[in-house]
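**Student:** One structure coming up, written as structure tokens, with questions to follow.
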Amino acid sequence: MSFDANTIRDEFPILSMEANEHPLVYLDNAATTQKPQVVLDALITYYTTSNANVHRGAHYLSDRATAQFEHARDRVAQFLNAPENSYVIWTKGTTEAINQVAHGLEWCITPDDEILITSLEHHANLVPWQQLAFRTGARLRVLPLTSKGEWEPEYAHYFNEHTRIFACTQISNAIGVKTPLKDMLAAAKAVGAFTLVDGAQAVAHYEVDVTELDCDFYAFSGHKMYGPTGIGALYGKAHALDVLTPLQTGGEMVSHVTYNSTEFNTLPYRLEAGTPNIEGVIGLSAACDFLASQDREDMLIWEQKLARYVYDELKFNNDIEIYSPAIDTTVVSLSVPGIHTLDLNGYLDSQGIAVRAGSHCAHPLMAQLGVSSTLRASFACYNTLSEARRFCDVLLEAIEILGDD
Amino acid sequence: MTELNRDAIQAQLKACTSKEATFKELVSLSKQLERLTDAEKIEENKVKGCESAVWLIERQENGICTFQADSDAKLMRGVLMVILSLTNGHSKAELQAMDLAAELNEFNLSSYLTSSRTNGILRILQQIQT
């Protein structure tokens, strides 16, 4: 099995589109990836052959839908290499998964506790913890990682007997740097904290192994790994999920209800109130199949090669500041001092190139970098070297057009 | 302030047949915008809800409004030139009677005005009318 971006491109119908009279160059993959035909087919097939509500049994279609729905749960567990005695809970995405944990642990957080995150977090892995701290009187602490994702041994004291929760991203969405997850998780576990990993930016690129990570919770979104929007998952060890208060209550998550009491259902259903996003679950399962059918290692090498190409092309340009690392990343986040990133983005867009300009839902990190926004080109398996080259060429054109005052 | 010739600006923008041409025209317009001083670019002059920073100052003389505006983004400065060409030299009552959003649409800027900039631009127009 070998990986070829030009072959895989053909599986993504949208990539043959034009945008503003130019061939579409889609480099906003850290925001969301495009979807391969197999995922689109899975959605259509579900609606044309199996659509029914799940877990209500009683008829042919419902049995079909339920079987596919539960197969998808096994598929995602396998995708994450989930150990025995753990569960996959369906969520809308990473944000809802993290909110479920933050809400679910509220009952056991006291004013004496500390909730620890890092300085590389997306707002989705910051605001829920900050609000939990506000509600409980606990202290939110921020482990100061450098923009290179460096872990300083003198920060060990951030992990102490007060640390109840440690929540950390696997990869920074804004600048694409990996965090020193292994060391930090070990430190968190040594003090008995709950551990949550935000895997939103990792799942499309890295083979995730939650058994090896040994975290209590792992959250991710389907749409960032070639699956549909509106579906994601919260993986958790049984003992950790068991203590969570459900974020939502209602149908499906109960086993018996009277006007005076409710007996909750068992895991995973206890944390899945209401009719789930069945098509999303089935699409996400297809996305797992899609990724599993690729040579993941070669795929990652390719994506990193594209980011490295852009990095090398631009690194000596005095107009450009790059915030992403040179190696081991699929993202190039940069700014051009004196030119607004929205203006750069506007020109790239006029040339059919989709990137992201902004603060990437990471205001504190932007402050740490000393910028208000960056321009982020993020690569996926279907991007080509000629697209990477075109991004560089058009960016330089944009600087020329926008630079003179 | 430079003479803001609404018809000339409109003709230039209408002649643009691609997003790239519109982009370049807005960049060119941005260079004609009279910039605000740092002392004027203060929080209370800032228009809330814009993706890029936008400052707006209003002066009235004999009932006639003159607006001055600035932004940290060049394209937005181009759009501000267009907006000011529509709004300067009118009384408040006249401005309030105008459908500024509709008039702005006449400038062939729809590809910019349908993006996330729309809300910010509507805020600017609202502020001009109040």
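Each chain in the structure tokens gets a letter, A, B and so on, in the order shown; residues start at 1 in every chain, and ligands are counted from 1 in the order they appear.
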For region 12-20 of chain B, find every residue with an atom within 7 Å (counting only C-alpha atoms), except residues of its own chain fewer than 6 positions away, and show them as number ranges by chain.
**Tutor:** A: 20, 347, 350-351; B: 107-108
**Student:** Find the residues near Asp112 (chain A): any atom within 8 Å, counting only C-alpha atoms, skip ones fewer than 3 places away on the same chain, and give them as a list in words.
**Tutor:**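 Listed by chain and then number, they are Gly137, Ala138, Arg139 and His162 of chain A.
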**Student:** Taking only C-alpha atoms into account and nothing else, which residues of chain A lie no more than 10 Å away from chain B? Please answer as a list in words.
**Tutor:**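 My answer is Ala19, Asn20, Glu21, Gly338, Ile339, His340, Thr341, Leu342, Asp343, Leu344, Gly346, Tyr347, Leu348, Asp349, Ser350, Gln351, Gly352, Gly358, Ile401, Leu402, Gly403, Asp404 and Asp405 of chain A.
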**Student:** Could those selected residues go to a file with N, CA, C and O atoms, as an mmCIF file, in the first residue's frame?
**Tutor:**
data_model
loop_
_atom_site.group_PDB
_atom_site.id
_atom_site.type_symbol
_atom_site.label_atom_id
_atom_site.label_comp_id
_atom_site.auth_asym_id
_atom_site.auth_seq_id
_atom_site.Cartn_x
_atom_site.Cartn_y
_atom_site.Cartn_z
ATOM 1 N N ALA A 19 -13.156 28.235 -7.594
ATOM 2 C CA ALA A 19 -13.575 29.259 -6.648
ATOM 3 C C ALA A 19 -13.068 30.594 -7.172
ATOM 4 O O ALA A 19 -11.865 30.747 -7.428
ATOM 5 N N ASN A 20 -13.968 31.528 -7.358
ATOM 6 C CA ASN A 20 -13.604 32.833 -7.927
ATOM 7 C C ASN A 20 -12.792 32.704 -9.214
ATOM 8 O O ASN A 20 -11.740 33.329 -9.384
ATOM 9 N N GLU A 21 -13.274 31.853 -10.075
ATOM 10 C CA GLU A 21 -12.689 31.629 -11.409
ATOM 11 C C GLU A 21 -11.284 31.055 -11.392
ATOM 12 O O GLU A 21 -10.543 31.161 -12.354
ATOM 13 N N GLY A 338 2.389 44.623 9.453
ATOM 14 C CA GLY A 338 2.042 45.770 8.628
ATOM 15 C C GLY A 338 0.907 45.487 7.655
ATOM 16 O O GLY A 338 0.346 46.408 7.074
ATOM 17 N N ILE A 339 0.603 44.220 7.442
ATOM 18 C CA ILE A 339 -0.524 43.881 6.561
ATOM 19 C C ILE A 339 -1.526 43.054 7.361
ATOM 20 O O ILE A 339 -1.151 42.084 8.016
ATOM 21 N N HIS A 340 -2.786 43.463 7.303
ATOM 22 C CA HIS A 340 -3.812 42.750 8.047
ATOM 23 C C HIS A 340 -4.013 41.350 7.455
ATOM 24 O O HIS A 340 -4.071 41.201 6.231
ATOM 25 N N THR A 341 -4.132 40.343 8.320
ATOM 26 C CA THR A 341 -4.302 38.978 7.797
ATOM 27 C C THR A 341 -5.595 38.845 7.000
ATOM 28 O O THR A 341 -5.667 38.035 6.081
ATOM 29 N N LEU A 342 -6.622 39.650 7.339
ATOM 30 C CA LEU A 342 -7.870 39.582 6.560
ATOM 31 C C LEU A 342 -7.648 40.047 5.125
ATOM 32 O O LEU A 342 -8.281 39.546 4.197
ATOM 33 N N ASP A 343 -6.743 41.007 4.954
ATOM 34 C CA ASP A 343 -6.430 41.477 3.603
ATOM 35 C C ASP A 343 -5.695 40.398 2.815
ATOM 36 O O ASP A 343 -5.981 40.165 1.639
ATOM 37 N N LEU A 344 -4.729 39.744 3.460
ATOM 38 C CA LEU A 344 -4.023 38.642 2.802
ATOM 39 C C LEU A 344 -5.027 37.557 2.419
ATOM 40 O O LEU A 344 -5.024 37.044 1.303
ATOM 41 N N GLY A 346 -8.160 37.914 1.885
ATOM 42 C CA GLY A 346 -9.022 38.394 0.807
ATOM 43 C C GLY A 346 -8.386 38.168 -0.557
ATOM 44 O O GLY A 346 -9.058 37.736 -1.505
ATOM 45 N N TYR A 347 -7.095 38.420 -0.657
ATOM 46 C CA TYR A 347 -6.438 38.225 -1.947
ATOM 47 C C TYR A 347 -6.320 36.734 -2.280
ATOM 48 O O TYR A 347 -6.596 36.310 -3.408
ATOM 49 N N LEU A 348 -5.920 35.940 -1.293
ATOM 50 C CA LEU A 348 -5.829 34.488 -1.515
ATOM 51 C C LEU A 348 -7.179 33.935 -1.973
ATOM 52 O O LEU A 348 -7.255 33.141 -2.907
ATOM 53 N N ASP A 349 -8.245 34.417 -1.327
ATOM 54 C CA ASP A 349 -9.592 33.971 -1.688
ATOM 55 C C ASP A 349 -9.920 34.357 -3.127
ATOM 56 O O ASP A 349 -10.493 33.568 -3.881
ATOM 57 N N SER A 350 -9.515 35.557 -3.510
ATOM 58 C CA SER A 350 -9.809 36.002 -4.884
ATOM 59 C C SER A 350 -9.088 35.122 -5.905
ATOM 60 O O SER A 350 -9.451 35.086 -7.068
ATOM 61 N N GLN A 351 -8.069 34.418 -5.442
ATOM 62 C CA GLN A 351 -7.323 33.514 -6.321
ATOM 63 C C GLN A 351 -7.725 32.051 -6.115
ATOM 64 O O GLN A 351 -7.023 31.133 -6.535
ATOM 65 N N GLY A 352 -8.814 31.844 -5.401
ATOM 66 C CA GLY A 352 -9.326 30.487 -5.222
ATOM 67 C C GLY A 352 -8.693 29.708 -4.080
ATOM 68 O O GLY A 352 -8.930 28.511 -3.949
ATOM 69 N N GLY A 358 -7.337 34.794 11.278
ATOM 70 C CA GLY A 358 -8.036 35.140 12.504
ATOM 71 C C GLY A 358 -7.263 34.701 13.725
ATOM 72 O O GLY A 358 -6.065 34.408 13.648
ATOM 73 N N ILE A 401 1.042 43.481 -3.473
ATOM 74 C CA ILE A 401 -0.107 44.358 -3.754
ATOM 75 C C ILE A 401 -0.496 45.175 -2.523
ATOM 76 O O ILE A 401 -0.833 46.351 -2.613
ATOM 77 N N LEU A 402 -0.425 44.525 -1.366
ATOM 78 C CA LEU A 402 -0.921 45.167 -0.150
ATOM 79 C C LEU A 402 0.162 45.939 0.590
ATOM 80 O O LEU A 402 -0.128 46.732 1.482
ATOM 81 N N GLY A 403 1.402 45.684 0.218
ATOM 82 C CA GLY A 403 2.509 46.206 1.025
ATOM 83 C C GLY A 403 2.786 47.674 0.833
ATOM 84 O O GLY A 403 3.150 48.370 1.772
ATOM 85 N N ASP A 404 2.617 48.194 -0.407
ATOM 86 C CA ASP A 404 3.021 49.587 -0.628
ATOM 87 C C ASP A 404 1.931 50.553 -0.201
ATOM 88 O O ASP A 404 0.769 50.372 -0.520
ATOM 89 N N ASP A 405 2.341 51.561 0.552
ATOM 90 C CA ASP A 405 1.353 52.556 0.986
ATOM 91 C C ASP A 405 1.693 53.929 0.445
ATOM 92 O O ASP A 405 2.833 54.283 0.344
#
**Student:** Write out as a list in words the residues lying within 12 Å of Arg59 (chain B), counting only C-alpha atoms and excluding same-chain residues fewer than 5 positions away.
**Tutor:** Ile64, Cys65, Thr66, Phe67, Gln68, Ala69, Asn88, Gly89, His90, Ser91, Lys92 and Ile128 of chain B
**Student:** May I have the selected residues written with N, CA and C atoms, as a PDB file, in the first residue's frame?
**Tutor:**
ATOM      1  N   ILE B  64     -25.279  69.418   8.050  1.00  0.00           N
ATOM      2  CA  ILE B  64     -24.725  68.472   7.067  1.00  0.00           C
ATOM      3  C   ILE B  64     -23.677  67.600   7.750  1.00  0.00           C
ATOM      4  N   CYS B  65     -23.804  66.283   7.531  1.00  0.00           N
ATOM      5  CA  CYS B  65     -22.898  65.334   8.201  1.00  0.00           C
ATOM      6  C   CYS B  65     -21.668  65.063   7.347  1.00  0.00           C
ATOM      7  N   THR B  66     -20.524  65.052   8.024  1.00  0.00           N
ATOM      8  CA  THR B  66     -19.297  64.583   7.377  1.00  0.00           C
ATOM      9  C   THR B  66     -18.711  63.488   8.250  1.00  0.00           C
ATOM     10  N   PHE B  67     -18.491  62.351   7.632  1.00  0.00           N
ATOM     11  CA  PHE B  67     -17.922  61.230   8.385  1.00  0.00           C
ATOM     12  C   PHE B  67     -16.473  61.032   7.967  1.00  0.00           C
ATOM     13  N   GLN B  68     -15.690  60.597   8.945  1.00  0.00           N
ATOM     14  CA  GLN B  68     -14.328  60.172   8.668  1.00  0.00           C
ATOM     15  C   GLN B  68     -14.186  58.793   9.271  1.00  0.00           C
ATOM     16  N   ALA B  69     -13.498  57.914   8.569  1.00  0.00           N
ATOM     17  CA  ALA B  69     -13.393  56.550   9.083  1.00  0.00           C
ATOM     18  C   ALA B  69     -12.036  55.969   8.737  1.00  0.00           C
ATOM     19  N   ASN B  88     -21.409  61.094   2.953  1.00  0.00           N
ATOM     20  CA  ASN B  88     -20.972  62.455   3.281  1.00  0.00           C
ATOM     21  C   ASN B  88     -21.752  63.505   2.505  1.00  0.00           C
ATOM     22  N   GLY B  89     -22.043  64.598   3.204  1.00  0.00           N
ATOM     23  CA  GLY B  89     -22.725  65.706   2.544  1.00  0.00           C
ATOM     24  C   GLY B  89     -24.244  65.641   2.649  1.00  0.00           C
ATOM     25  N   HIS B  90     -24.726  64.709   3.474  1.00  0.00           N
ATOM     26  CA  HIS B  90     -26.175  64.600   3.672  1.00  0.00           C
ATOM     27  C   HIS B  90     -26.536  65.013   5.097  1.00  0.00           C
ATOM     28  N   SER B  91     -27.799  65.385   5.275  1.00  0.00           N
ATOM     29  CA  SER B  91     -28.276  65.648   6.630  1.00  0.00           C
ATOM     30  C   SER B  91     -28.630  64.322   7.283  1.00  0.00           C
ATOM     31  N   LYS B  92     -28.745  64.333   8.608  1.00  0.00           N
ATOM     32  CA  LYS B  92     -29.104  63.106   9.324  1.00  0.00           C
ATOM     33  C   LYS B  92     -30.440  62.566   8.836  1.00  0.00           C
ATOM     34  N   ILE B 128     -23.930  55.250  11.278  1.00  0.00           N
ATOM     35  CA  ILE B 128     -24.009  56.462  10.473  1.00  0.00           C
ATOM     36  C   ILE B 128     -25.421  57.042  10.513  1.00  0.00           C
TER      37      ILE B 128
END
**Student:** If you count only C-alpha atoms, which residues fall within 9 Å of Tyr158 (chain A), apart from same-chain ones fewer than 2 positions away, as a PyMOL selection string?
**Tutor:** chain A and resi 116+141-143+154-156+160+163
**Student:** For the selection just defined, write its residues with N, CA, C and O atoms to a file, as a CSV table (one decimal), in the first residue's frame.
**Tutor:**
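Saved file selection_22.csv follows:
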chain,number,residue,atom,x,y,z
A,116,LEU,N,-6.3,22.4,35.6
A,116,LEU,CA,-5.1,22.8,34.8
A,116,LEU,C,-5.3,22.6,33.3
A,116,LEU,O,-5.7,21.5,32.9
A,141,ARG,N,-5.8,27.0,36.3
A,141,ARG,CA,-4.3,27.3,36.1
A,141,ARG,C,-3.9,27.0,34.7
A,141,ARG,O,-4.5,26.1,34.1
A,142,VAL,N,-3.0,27.7,34.2
A,142,VAL,CA,-2.5,27.6,32.8
A,142,VAL,C,-1.1,27.2,32.8
A,142,VAL,O,-0.2,28.0,33.2
A,143,LEU,N,-0.8,26.0,32.3
A,143,LEU,CA,0.6,25.6,32.2
A,143,LEU,C,1.2,26.3,31.0
A,143,LEU,O,0.8,26.2,29.9
A,154,GLU,N,10.7,22.8,35.3
A,154,GLU,CA,10.3,23.6,36.5
A,154,GLU,C,8.8,23.9,36.6
A,154,GLU,O,8.4,24.4,37.6
A,155,TYR,N,8.1,23.5,35.6
A,155,TYR,CA,6.7,23.6,35.7
A,155,TYR,C,6.0,22.5,36.4
A,155,TYR,O,4.8,22.4,36.5
A,156,ALA,N,6.8,21.5,36.9
A,156,ALA,CA,6.2,20.3,37.6
A,156,ALA,C,5.3,20.7,38.7
A,156,ALA,O,4.3,20.0,39.0
A,160,ASN,N,-0.1,19.2,41.3
A,160,ASN,CA,0.1,19.1,42.7
A,160,ASN,C,-1.2,18.4,43.3
A,160,ASN,O,-2.1,18.0,42.6
A,163,THR,N,-4.6,19.5,42.1
A,163,THR,CA,-5.0,19.4,40.7
A,163,THR,C,-6.1,18.3,40.5
A,163,THR,O,-5.8,17.1,40.7
**Student:** What gap, in Å, lies between CA of Arg73 (chain A) and CA of Thr32 (chain A)?
**Tutor:** 21.9 Å
**Student:** Residues within 6 Å of region 217-223 of chain A, please, as a PDB file with all heavy atoms, in the first residue's frame. Count only C-alpha atoms; anything in the same chain fewer than 2 positions from it doesn't count.
**Tutor:**
ATOM      1  N   THR A  32     -12.064  22.441   8.853  1.00  0.00           N
ATOM      2  CA  THR A  32     -12.825  21.234   8.537  1.00  0.00           C
ATOM      3  C   THR A  32     -12.232  20.638   7.277  1.00  0.00           C
ATOM      4  O   THR A  32     -11.746  21.363   6.408  1.00  0.00           O
ATOM      5  CB  THR A  32     -14.333  21.516   8.373  1.00  0.00           C
ATOM      6  OG1 THR A  32     -15.043  20.275   8.468  1.00  0.00           O
ATOM      7  CG2 THR A  32     -14.673  22.144   7.035  1.00  0.00           C
ATOM      8  N   GLY A  93     -19.612  17.045  18.809  1.00  0.00           N
ATOM      9  CA  GLY A  93     -18.238  17.295  18.400  1.00  0.00           C
ATOM     10  C   GLY A  93     -17.368  17.444  19.632  1.00  0.00           C
ATOM     11  O   GLY A  93     -17.790  17.132  20.757  1.00  0.00           O
ATOM     12  N   THR A  94     -16.178  17.949  19.427  1.00  0.00           N
ATOM     13  CA  THR A  94     -15.222  18.113  20.523  1.00  0.00           C
ATOM     14  C   THR A  94     -15.778  19.037  21.600  1.00  0.00           C
ATOM     15  O   THR A  94     -15.661  18.758  22.804  1.00  0.00           O
ATOM     16  CB  THR A  94     -13.908  18.707  19.977  1.00  0.00           C
ATOM     17  OG1 THR A  94     -13.499  17.951  18.832  1.00  0.00           O
ATOM     18  CG2 THR A  94     -12.819  18.672  21.023  1.00  0.00           C
ATOM     19  N   ALA A  97     -18.283  17.404  23.765  1.00  0.00           N
ATOM     20  CA  ALA A  97     -17.631  16.373  24.579  1.00  0.00           C
ATOM     21  C   ALA A  97     -16.950  17.002  25.796  1.00  0.00           C
ATOM     22  O   ALA A  97     -17.070  16.510  26.927  1.00  0.00           O
ATOM     23  CB  ALA A  97     -16.626  15.603  23.723  1.00  0.00           C
ATOM     24  N   LEU A 196      -8.061  14.795  30.431  1.00  0.00           N
ATOM     25  CA  LEU A 196      -8.821  14.883  29.181  1.00  0.00           C
ATOM     26  C   LEU A 196      -7.902  15.372  28.074  1.00  0.00           C
ATOM     27  O   LEU A 196      -7.157  16.334  28.261  1.00  0.00           O
ATOM     28  CB  LEU A 196     -10.007  15.839  29.333  1.00  0.00           C
ATOM     29  CG  LEU A 196     -10.848  16.037  28.052  1.00  0.00           C
ATOM     30  CD1 LEU A 196     -12.332  16.134  28.380  1.00  0.00           C
ATOM     31  CD2 LEU A 196     -10.418  17.280  27.260  1.00  0.00           C
ATOM     32  N   VAL A 197      -7.947  14.688  26.943  1.00  0.00           N
ATOM     33  CA  VAL A 197      -7.158  15.102  25.785  1.00  0.00           C
ATOM     34  C   VAL A 197      -8.112  15.588  24.697  1.00  0.00           C
ATOM     35  O   VAL A 197      -9.070  14.899  24.335  1.00  0.00           O
ATOM     36  CB  VAL A 197      -6.292  13.938  25.253  1.00  0.00           C
ATOM     37  CG1 VAL A 197      -5.557  14.355  23.981  1.00  0.00           C
ATOM     38  CG2 VAL A 197      -5.292  13.486  26.318  1.00  0.00           C
ATOM     39  N   ASP A 198      -7.836  16.803  24.200  1.00  0.00           N
ATOM     40  CA  ASP A 198      -8.572  17.364  23.065  1.00  0.00           C
ATOM     41  C   ASP A 198      -7.863  16.891  21.795  1.00  0.00           C
ATOM     42  O   ASP A 198      -6.780  17.393  21.464  1.00  0.00           O
ATOM     43  CB  ASP A 198      -8.578  18.890  23.194  1.00  0.00           C
ATOM     44  CG  ASP A 198      -9.114  19.593  21.939  1.00  0.00           C
ATOM     45  OD1 ASP A 198      -9.416  18.897  20.934  1.00  0.00           O
ATOM     46  OD2 ASP A 198      -9.211  20.832  21.964  1.00  0.00           O
ATOM     47  N   GLY A 199      -8.493  15.942  21.118  1.00  0.00           N
ATOM     48  CA  GLY A 199      -7.851  15.344  19.946  1.00  0.00           C
ATOM     49  C   GLY A 199      -8.337  15.910  18.619  1.00  0.00           C
ATOM     50  O   GLY A 199      -8.035  15.341  17.564  1.00  0.00           O
ATOM     51  N   ALA A 200      -9.043  17.034  18.667  1.00  0.00           N
ATOM     52  CA  ALA A 200      -9.674  17.570  17.448  1.00  0.00           C
ATOM     53  C   ALA A 200      -8.690  17.696  16.283  1.00  0.00           C
ATOM     54  O   ALA A 200      -9.019  17.356  15.146  1.00  0.00           O
ATOM     55  CB  ALA A 200     -10.332  18.918  17.741  1.00  0.00           C
ATOM     56  N   CYS A 215      -5.368   8.182  28.978  1.00  0.00           N
ATOM     57  CA  CYS A 215      -6.114   9.326  29.515  1.00  0.00           C
ATOM     58  C   CYS A 215      -7.515   8.856  29.938  1.00  0.00           C
ATOM     59  O   CYS A 215      -7.991   7.822  29.470  1.00  0.00           O
ATOM     60  CB  CYS A 215      -6.226  10.425  28.469  1.00  0.00           C
ATOM     61  SG  CYS A 215      -6.796   9.838  26.864  1.00  0.00           S
ATOM     62  N   MET A 225     -11.930  14.970  10.410  1.00  0.00           N
ATOM     63  CA  MET A 225     -11.256  13.739   9.951  1.00  0.00           C
ATOM     64  C   MET A 225     -12.052  13.102   8.814  1.00  0.00           C
ATOM     65  O   MET A 225     -12.239  11.913   8.777  1.00  0.00           O
ATOM     66  CB  MET A 225     -11.032  12.766  11.098  1.00  0.00           C
ATOM     67  CG  MET A 225     -12.266  12.458  11.940  1.00  0.00           C
ATOM     68  SD  MET A 225     -12.019  11.022  13.035  1.00  0.00           S
ATOM     69  CE  MET A 225     -12.340   9.670  11.899  1.00  0.00           C
ATOM     70  N   TYR A 226     -12.532  13.966   7.898  1.00  0.00           N
ATOM     71  CA  TYR A 226     -13.182  13.519   6.662  1.00  0.00           C
ATOM     72  C   TYR A 226     -14.604  13.003   6.883  1.00  0.00           C
ATOM     73  O   TYR A 226     -15.218  12.461   5.979  1.00  0.00           O
ATOM     74  CB  TYR A 226     -12.326  12.453   5.940  1.00  0.00           C
ATOM     75  CG  TYR A 226     -10.886  12.887   5.769  1.00  0.00           C
ATOM     76  CD1 TYR A 226      -9.858  12.353   6.547  1.00  0.00           C
ATOM     77  CD2 TYR A 226     -10.562  13.868   4.843  1.00  0.00           C
ATOM     78  CE1 TYR A 226      -8.549  12.781   6.402  1.00  0.00           C
ATOM     79  CE2 TYR A 226      -9.257  14.303   4.685  1.00  0.00           C
ATOM     80  CZ  TYR A 226      -8.253  13.747   5.476  1.00  0.00           C
ATOM     81  OH  TYR A 226      -6.958  14.186   5.328  1.00  0.00           O
ATOM     82  N   GLY A 227     -15.125  13.157   8.094  1.00  0.00           N
ATOM     83  CA  GLY A 227     -16.491  12.743   8.395  1.00  0.00           C
ATOM     84  C   GLY A 227     -17.438  13.932   8.332  1.00  0.00           C
ATOM     85  O   GLY A 227     -17.038  15.063   8.046  1.00  0.00           O
ATOM     86  N   PRO A 228     -18.728  13.682   8.619  1.00  0.00           N
ATOM     87  CA  PRO A 228     -19.721  14.760   8.551  1.00  0.00           C
ATOM     88  C   PRO A 228     -19.593  15.759   9.713  1.00  0.00           C
ATOM     89  O   PRO A 228     -18.963  15.450  10.725  1.00  0.00           O
ATOM     90  CB  PRO A 228     -21.061  14.015   8.673  1.00  0.00           C
ATOM     91  CG  PRO A 228     -20.744  12.565   8.602  1.00  0.00           C
ATOM     92  CD  PRO A 228     -19.322  12.392   8.966  1.00  0.00           C
ATOM     93  N   THR A 229     -20.224  16.912   9.555  1.00  0.00           N
ATOM     94  CA  THR A 229     -20.283  17.869  10.654  1.00  0.00           C
ATOM     95  C   THR A 229     -21.358  17.422  11.645  1.00  0.00           C
ATOM     96  O   THR A 229     -22.243  16.629  11.312  1.00  0.00           O
ATOM     97  CB  THR A 229     -20.643  19.283  10.171  1.00  0.00           C
ATOM     98  OG1 THR A 229     -21.758  19.177   9.303  1.00  0.00           O
ATOM     99  CG2 THR A 229     -19.497  19.928   9.434  1.00  0.00           C
ATOM    100  N   ILE A 231     -21.098  15.650  14.322  1.00  0.00           N
ATOM    101  CA  ILE A 231     -20.903  14.396  15.043  1.00  0.00           C
ATOM    102  C   ILE A 231     -19.454  14.339  15.556  1.00  0.00           C
ATOM    103  O   ILE A 231     -18.526  14.759  14.878  1.00  0.00           O
ATOM    104  CB  ILE A 231     -21.216  13.150  14.167  1.00  0.00           C
ATOM    105  CG1 ILE A 231     -21.162  11.871  15.001  1.00  0.00           C
ATOM    106  CG2 ILE A 231     -20.277  13.061  12.978  1.00  0.00           C
ATOM    107  CD1 ILE A 231     -22.235  11.756  16.060  1.00  0.00           C
ATOM    108  N   GLY A 232     -19.328  13.840  16.754  1.00  0.00           N
ATOM    109  CA  GLY A 232     -18.017  13.659  17.348  1.00  0.00           C
ATOM    110  C   GLY A 232     -18.171  12.657  18.460  1.00  0.00           C
ATOM    111  O   GLY A 232     -19.242  12.035  18.593  1.00  0.00           O
ATOM    112  N   ALA A 233     -17.143  12.499  19.247  1.00  0.00           N
ATOM    113  CA  ALA A 233     -17.259  11.508  20.304  1.00  0.00           C
ATOM    114  C   ALA A 233     -16.471  11.921  21.535  1.00  0.00           C
ATOM    115  O   ALA A 233     -15.493  12.669  21.462  1.00  0.00           O
ATOM    116  CB  ALA A 233     -16.790  10.144  19.810  1.00  0.00           C
ATOM    117  N   LEU A 234     -16.974  11.421  22.644  1.00  0.00           N
ATOM    118  CA  LEU A 234     -16.236  11.484  23.901  1.00  0.00           C
ATOM    119  C   LEU A 234     -15.893  10.049  24.267  1.00  0.00           C
ATOM    120  O   LEU A 234     -16.784   9.252  24.566  1.00  0.00           O
ATOM    121  CB  LEU A 234     -17.105  12.112  25.001  1.00  0.00           C
ATOM    122  CG  LEU A 234     -16.528  12.022  26.417  1.00  0.00           C
ATOM    123  CD1 LEU A 234     -15.248  12.836  26.539  1.00  0.00           C
ATOM    124  CD2 LEU A 234     -17.560  12.505  27.441  1.00  0.00           C
ATOM    125  N   TYR A 235     -14.614   9.740  24.177  1.00  0.00           N
ATOM    126  CA  TYR A 235     -14.163   8.445  24.671  1.00  0.00           C
ATOM    127  C   TYR A 235     -13.900   8.604  26.165  1.00  0.00           C
ATOM    128  O   TYR A 235     -13.414   9.662  26.608  1.00  0.00           O
ATOM    129  CB  TYR A 235     -12.870   8.019  23.946  1.00  0.00           C
ATOM    130  CG  TYR A 235     -12.026   7.088  24.796  1.00  0.00           C
ATOM    131  CD1 TYR A 235     -12.259   5.720  24.793  1.00  0.00           C
ATOM    132  CD2 TYR A 235     -11.027   7.585  25.643  1.00  0.00           C
ATOM    133  CE1 TYR A 235     -11.525   4.871  25.614  1.00  0.00           C
ATOM    134  CE2 TYR A 235     -10.304   6.749  26.461  1.00  0.00           C
ATOM    135  CZ  TYR A 235     -10.551   5.388  26.445  1.00  0.00           C
ATOM    136  OH  TYR A 235      -9.845   4.559  27.267  1.00  0.00           O
ATOM    137  N   GLY A 236     -14.181   7.566  26.927  1.00  0.00           N
ATOM    138  CA  GLY A 236     -13.830   7.633  28.344  1.00  0.00           C
ATOM    139  C   GLY A 236     -13.692   6.260  28.950  1.00  0.00           C
ATOM    140  O   GLY A 236     -14.301   5.281  28.488  1.00  0.00           O
ATOM    141  N   LEU A 284     -19.424   9.030  10.195  1.00  0.00           N
ATOM    142  CA  LEU A 284     -18.146   9.020  10.927  1.00  0.00           C
ATOM    143  C   LEU A 284     -17.504   7.630  10.854  1.00  0.00           C
ATOM    144  O   LEU A 284     -16.288   7.500  10.690  1.00  0.00           O
ATOM    145  CB  LEU A 284     -18.371   9.437  12.385  1.00  0.00           C
ATOM    146  CG  LEU A 284     -17.159   9.374  13.316  1.00  0.00           C
ATOM    147  CD1 LEU A 284     -15.994  10.195  12.766  1.00  0.00           C
ATOM    148  CD2 LEU A 284     -17.527   9.882  14.709  1.00  0.00           C
TER     149      LEU A 284
END
**Student:** Give me the residues within 8 Å of Leu365 (chain A) as JSON, numbers by chain, counting only C-alpha atoms and dropping any in the same chain fewer than 6 places off.
**Tutor:** {"A": [119, 120, 121]}
**Student:** Residues of region 61-119 of chain B classed as helix (DSSP H, G or I) by DSSP on the backbone are to be reported as a PyMOL selection string.
**Tutor:** chain B and resi 74-87+92-97+100-105+110-113+117-119
**Student:** Take CA of Thr87 (chain B) and CA of Asn345 (chain A) and report the distance between them in Å, one decimal.
**Tutor:**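 The value is 28.1 Å.
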**Student:** Counting only C-alpha atoms, figure out which residue out of A:Leu24, A:Cys381, A:Ala388, A:Met253 gets nearest to Ile8 (chain A).
**Tutor:** A:Cys381
**Student:** Ranking A:Asp10, A:Asp41, A:Glu272, A:Asp63 by minimum distance to Lys92 (chain A) and counting only C-alpha atoms, which one comes first?
**Tutor:**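 For Lys92 (chain A), the nearest of the given residues is A:Glu272.
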**Student:** Enumerate as a VMD selection string all residues of region 17-129 of chain B assigned to strand (DSSP E) by DSSP on the backbone, naming them with the chain letters and numbers the document uses.
**Tutor:** chain B and resid 54 to 61 64 to 71 90 to 91
